[in-house]
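K.L.:
Let me begin by handing over the structure; questions about it come next.
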Amino acid sequence: MKPNRIIQGDALAELKKLPAAVAQAVIADPPYFNVLENEAWDTQWKTAADYLAWCDEWVAESMRVLRDDGLAFIFGQLGKREHTFLHLMSRLSQQHQFHDLIIWDRAVGYDERRDSFTPQYEMILVLRKGDAVKFNKGSVRLPYDAATIETYLKDKRYKDKDARRAHLEKGKYATNILRVPSLKGASKEKCGHPSQKPINLIDKLIACATDVGDLVIDPFLGSGTTAAAAQRLDRQWLGIEKDSAYIEIAKKRLAADSSLFSKS
Ligand SMILES: C[S@@+](CC[C@H](N)C(=O)[O-])C[C@H]1O[C@@H](n2cnc3c(N)ncnc32)[C@H](O)[C@@H]1O
């Protein structure tokens, strides 16, 4: 199977053609179901039941292509009124092994609601395939600020100050609330997809769940964020997307990214 390419087609049909147990991670940001009401790809199911049944199928195929120690990350959000993702998380956690629920804290609210707090997060359900998973916990860290480091260095229990400083300067392990600002309209990173995810968020998922050279599959590639992140982290990738306009956006982006991040 040739990696580092975009397959134009339907996620379910194309996943079925792939061999089993090839991917170390699946990163899937599927249609939400009637959240982006102006996007035909988000309103293609008559009922929530139809949407959930479709999700059962592509998630089963995603788990099939995953290695035994791999992780599948599945994005979802609550819309203005919709709660379909809650049902999806519940049924997928019964069909597969639940691993984690990551909160993507978008740093700013994204939708004006008059009768509740403004939504600010999306969710990432993480499923595992086997009992042991590859997870590079130290690869995603949160830096301490200088004042905090100086305070911690006063702790008399640590005799070797240089070793202690080096340890603190690595930062602390990230929590499962990942704060990465969502892309503003004027962001340089924005490339014309209505639900483009920040590359810094996808980087974190790939860095912790894979090693250099591992394969990452994204069945709903959109503007190519997963591919761009995998490319710059030296992972292999495979993306599926049905819309040719988004594929063109992704290809342009990947060509630009590879010149930006190519190794000398
Ligand atoms: C939420 S967006 C993904 C955005 C992407 N993560 C990014 O950062 O650009 C979902 C994508 O799935 C695509 N899509 C919808 N139904 C599909 C299907 N059955 N097979 C493949 N792609 C599909 C849409 O065209 C859309 O680009």
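Residues are referred to by chain and number: the chain letter is A, B, ... according to the order shown in the structure tokens, the number counts from 1 in that chain, and ligands are numbered separately from 1 in the order shown.
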Just list the residues in stretch 47-259 of chain A DSSP gives strand (DSSP E) on the backbone, as a count of residues only.
P.N.:
45
K.L.:
Please report as a tab-separated table every residue of chain A lying within 7 Å of ligand 1, along with the nearest atom pair and their distance in Å (one decimal), using only C-alpha atoms and all ligand atoms.
P.N.:
residue	atom	partner	partner_atom_place_in_ligand_line	distance
A:Gly9	CA	ligand 1	21 (C)	5.8
A:Asp10	CA	ligand 1	20 (N)	3.6
A:Ala11	CA	ligand 1	20 (N)	3.7
A:Leu12	CA	ligand 1	20 (N)	6.6
A:Asp29	CA	ligand 1	1 (C)	4.9
A:Pro30	CA	ligand 1	10 (C)	4.6
A:Pro31	CA	ligand 1	10 (C)	4.7
A:Tyr32	CA	ligand 1	1 (C)	6.8
A:Trp41	CA	ligand 1	15 (C)	4.9
A:Asp42	CA	ligand 1	15 (C)	6.9
A:His193	CA	ligand 1	9 (O)	5.8
A:Ser195	CA	ligand 1	4 (C)	5.1
A:Gln196	CA	ligand 1	8 (O)	3.5
A:Lys197	CA	ligand 1	8 (O)	3.9
A:Pro198	CA	ligand 1	8 (O)	6.8
A:Pro219	CA	ligand 1	21 (C)	6.1
A:Phe220	CA	ligand 1	12 (O)	4.1
A:Leu221	CA	ligand 1	5 (C)	5.2
A:Gly222	CA	ligand 1	27 (O)	3.4
A:Ser223	CA	ligand 1	9 (O)	3.7
A:Gly224	CA	ligand 1	9 (O)	5.5
A:Thr225	CA	ligand 1	8 (O)	4.6
A:Thr226	CA	ligand 1	8 (O)	6.9
A:Ile240	CA	ligand 1	21 (C)	5.7
A:Glu241	CA	ligand 1	22 (N)	3.9
A:Lys242	CA	ligand 1	22 (N)	4.3
A:Asp243	CA	ligand 1	25 (O)	5.0
A:Tyr246	CA	ligand 1	27 (O)	6.3
K.L.:
If you run DSSP on the backbone, which residues of stretch 44-134 of chain A are alpha helix (DSSP H), as a PDB file with N, CA and C atoms, in the first residue's frame?
P.N.:
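Saved result, states24.pdb, follows:
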ATOM      1  N   ALA A  48     -30.709  11.250  12.562  1.00  0.00           N
ATOM      2  CA  ALA A  48     -29.527  10.970  13.402  1.00  0.00           C
ATOM      3  C   ALA A  48     -29.232   9.467  13.396  1.00  0.00           C
ATOM      4  N   ALA A  49     -30.294   8.657  13.352  1.00  0.00           N
ATOM      5  CA  ALA A  49     -30.092   7.199  13.352  1.00  0.00           C
ATOM      6  C   ALA A  49     -29.295   6.764  12.119  1.00  0.00           C
ATOM      7  N   ASP A  50     -29.607   7.381  10.966  1.00  0.00           N
ATOM      8  CA  ASP A  50     -28.860   7.051   9.735  1.00  0.00           C
ATOM      9  C   ASP A  50     -27.393   7.426   9.900  1.00  0.00           C
ATOM     10  N   TYR A  51     -27.181   8.624  10.455  1.00  0.00           N
ATOM     11  CA  TYR A  51     -25.798   9.099  10.644  1.00  0.00           C
ATOM     12  C   TYR A  51     -25.038   8.154  11.586  1.00  0.00           C
ATOM     13  N   LEU A  52     -25.678   7.776  12.677  1.00  0.00           N
ATOM     14  CA  LEU A  52     -24.993   6.914  13.664  1.00  0.00           C
ATOM     15  C   LEU A  52     -24.678   5.548  13.057  1.00  0.00           C
ATOM     16  N   ALA A  53     -25.601   5.029  12.257  1.00  0.00           N
ATOM     17  CA  ALA A  53     -25.367   3.712  11.631  1.00  0.00           C
ATOM     18  C   ALA A  53     -24.179   3.795  10.669  1.00  0.00           C
ATOM     19  N   TRP A  54     -24.094   4.909   9.944  1.00  0.00           N
ATOM     20  CA  TRP A  54     -22.946   5.114   9.038  1.00  0.00           C
ATOM     21  C   TRP A  54     -21.645   5.191   9.848  1.00  0.00           C
ATOM     22  N   CYS A  55     -21.691   5.906  10.967  1.00  0.00           N
ATOM     23  CA  CYS A  55     -20.476   6.020  11.802  1.00  0.00           C
ATOM     24  C   CYS A  55     -20.043   4.644  12.315  1.00  0.00           C
ATOM     25  N   ASP A  56     -21.000   3.813  12.708  1.00  0.00           N
ATOM     26  CA  ASP A  56     -20.640   2.452  13.168  1.00  0.00           C
ATOM     27  C   ASP A  56     -19.768   1.765  12.120  1.00  0.00           C
ATOM     28  N   GLU A  57     -20.153   1.964  10.847  1.00  0.00           N
ATOM     29  CA  GLU A  57     -19.454   1.235   9.773  1.00  0.00           C
ATOM     30  C   GLU A  57     -18.049   1.762   9.533  1.00  0.00           C
ATOM     31  N   TRP A  58     -17.910   3.095   9.395  1.00  0.00           N
ATOM     32  CA  TRP A  58     -16.559   3.582   9.089  1.00  0.00           C
ATOM     33  C   TRP A  58     -15.637   3.466  10.297  1.00  0.00           C
ATOM     34  N   VAL A  59     -16.196   3.541  11.489  1.00  0.00           N
ATOM     35  CA  VAL A  59     -15.324   3.367  12.664  1.00  0.00           C
ATOM     36  C   VAL A  59     -14.852   1.905  12.746  1.00  0.00           C
ATOM     37  N   ALA A  60     -15.728   0.968  12.451  1.00  0.00           N
ATOM     38  CA  ALA A  60     -15.312  -0.450  12.461  1.00  0.00           C
ATOM     39  C   ALA A  60     -14.174  -0.673  11.464  1.00  0.00           C
ATOM     40  N   GLU A  61     -14.291  -0.050  10.294  1.00  0.00           N
ATOM     41  CA  GLU A  61     -13.216  -0.184   9.294  1.00  0.00           C
ATOM     42  C   GLU A  61     -11.939   0.514   9.762  1.00  0.00           C
ATOM     43  N   SER A  62     -12.093   1.635  10.442  1.00  0.00           N
ATOM     44  CA  SER A  62     -10.913   2.345  10.970  1.00  0.00           C
ATOM     45  C   SER A  62     -10.208   1.484  12.009  1.00  0.00           C
ATOM     46  N   MET A  63     -10.966   0.792  12.827  1.00  0.00           N
ATOM     47  CA  MET A  63     -10.351  -0.072  13.844  1.00  0.00           C
ATOM     48  C   MET A  63      -9.665  -1.267  13.171  1.00  0.00           C
ATOM     49  N   ARG A  64     -10.226  -1.712  12.067  1.00  0.00           N
ATOM     50  CA  ARG A  64      -9.617  -2.847  11.359  1.00  0.00           C
ATOM     51  C   ARG A  64      -8.247  -2.467  10.785  1.00  0.00           C
ATOM     52  N   VAL A  65      -8.131  -1.254  10.268  1.00  0.00           N
ATOM     53  CA  VAL A  65      -6.846  -0.870   9.663  1.00  0.00           C
ATOM     54  C   VAL A  65      -5.803  -0.457  10.705  1.00  0.00           C
ATOM     55  N   THR A  84     -25.894  14.640  19.024  1.00  0.00           N
ATOM     56  CA  THR A  84     -25.629  13.358  18.369  1.00  0.00           C
ATOM     57  C   THR A  84     -24.281  12.783  18.789  1.00  0.00           C
ATOM     58  N   PHE A  85     -23.300  13.651  18.993  1.00  0.00           N
ATOM     59  CA  PHE A  85     -21.969  13.129  19.333  1.00  0.00           C
ATOM     60  C   PHE A  85     -21.972  12.408  20.693  1.00  0.00           C
ATOM     61  N   LEU A  86     -22.854  12.828  21.581  1.00  0.00           N
ATOM     62  CA  LEU A  86     -22.942  12.114  22.868  1.00  0.00           C
ATOM     63  C   LEU A  86     -23.386  10.674  22.629  1.00  0.00           C
ATOM     64  N   HIS A  87     -24.376  10.501  21.765  1.00  0.00           N
ATOM     65  CA  HIS A  87     -24.842   9.136  21.441  1.00  0.00           C
ATOM     66  C   HIS A  87     -23.740   8.358  20.721  1.00  0.00           C
ATOM     67  N   LEU A  88     -23.038   9.062  19.834  1.00  0.00           N
ATOM     68  CA  LEU A  88     -21.976   8.383  19.085  1.00  0.00           C
ATOM     69  C   LEU A  88     -20.888   7.886  20.042  1.00  0.00           C
ATOM     70  N   MET A  89     -20.484   8.740  20.969  1.00  0.00           N
ATOM     71  CA  MET A  89     -19.428   8.329  21.913  1.00  0.00           C
ATOM     72  C   MET A  89     -19.890   7.135  22.728  1.00  0.00           C
ATOM     73  N   SER A  90     -21.148   7.154  23.145  1.00  0.00           N
ATOM     74  CA  SER A  90     -21.663   6.072  23.978  1.00  0.00           C
ATOM     75  C   SER A  90     -21.649   4.753  23.203  1.00  0.00           C
ATOM     76  N   ARG A  91     -22.174   4.774  21.978  1.00  0.00           N
ATOM     77  CA  ARG A  91     -22.242   3.487  21.266  1.00  0.00           C
ATOM     78  C   ARG A  91     -20.867   3.002  20.814  1.00  0.00           C
ATOM     79  N   LEU A  92     -19.995   3.940  20.407  1.00  0.00           N
ATOM     80  CA  LEU A  92     -18.655   3.497  19.987  1.00  0.00           C
ATOM     81  C   LEU A  92     -17.879   2.925  21.173  1.00  0.00           C
ATOM     82  N   SER A  93     -18.121   3.470  22.359  1.00  0.00           N
ATOM     83  CA  SER A  93     -17.411   2.965  23.541  1.00  0.00           C
ATOM     84  C   SER A  93     -17.933   1.594  23.953  1.00  0.00           C
ATOM     85  N   GLN A  94     -19.146   1.261  23.512  1.00  0.00           N
ATOM     86  CA  GLN A  94     -19.649  -0.091  23.761  1.00  0.00           C
ATOM     87  C   GLN A  94     -19.150  -1.080  22.699  1.00  0.00           C
ATOM     88  N   GLN A  95     -18.995  -0.566  21.476  1.00  0.00           N
ATOM     89  CA  GLN A  95     -18.559  -1.454  20.385  1.00  0.00           C
ATOM     90  C   GLN A  95     -17.050  -1.700  20.403  1.00  0.00           C
TER      91      GLN A  95
END
K.L.:
From the options A:Phe135, A:Tyr121, A:Trp45, A:Tyr173, which residue's atoms come nearest to A:Val108, counting only C-alpha atoms?
P.N.:
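Smallest distance to A:Val108 is found for A:Tyr121.
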K.L.:
Stretch 146-158 of chain A: which residues within 12 Å, counting only C-alpha atoms, same-chain residues fewer than 4 positions away excluded, as a PyMOL selection string?
P.N.:
chain A and resi 162-172
K.L.:
Find the residue from A:Val35, A:Ala23, A:Ile199, A:Ile124 that sits nearest to A:His99; use only C-alpha atoms when measuring.
P.N.:
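Among the listed residues, the smallest separation from A:His99 belongs to A:Ile124.
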K.L.:
Give me the residues within 8 Å of A:Ala132 as a PyMOL selection string, counting only C-alpha atoms and dropping any in the same chain fewer than 2 places off.
P.N.:
chain A and resi 68-69+130+134
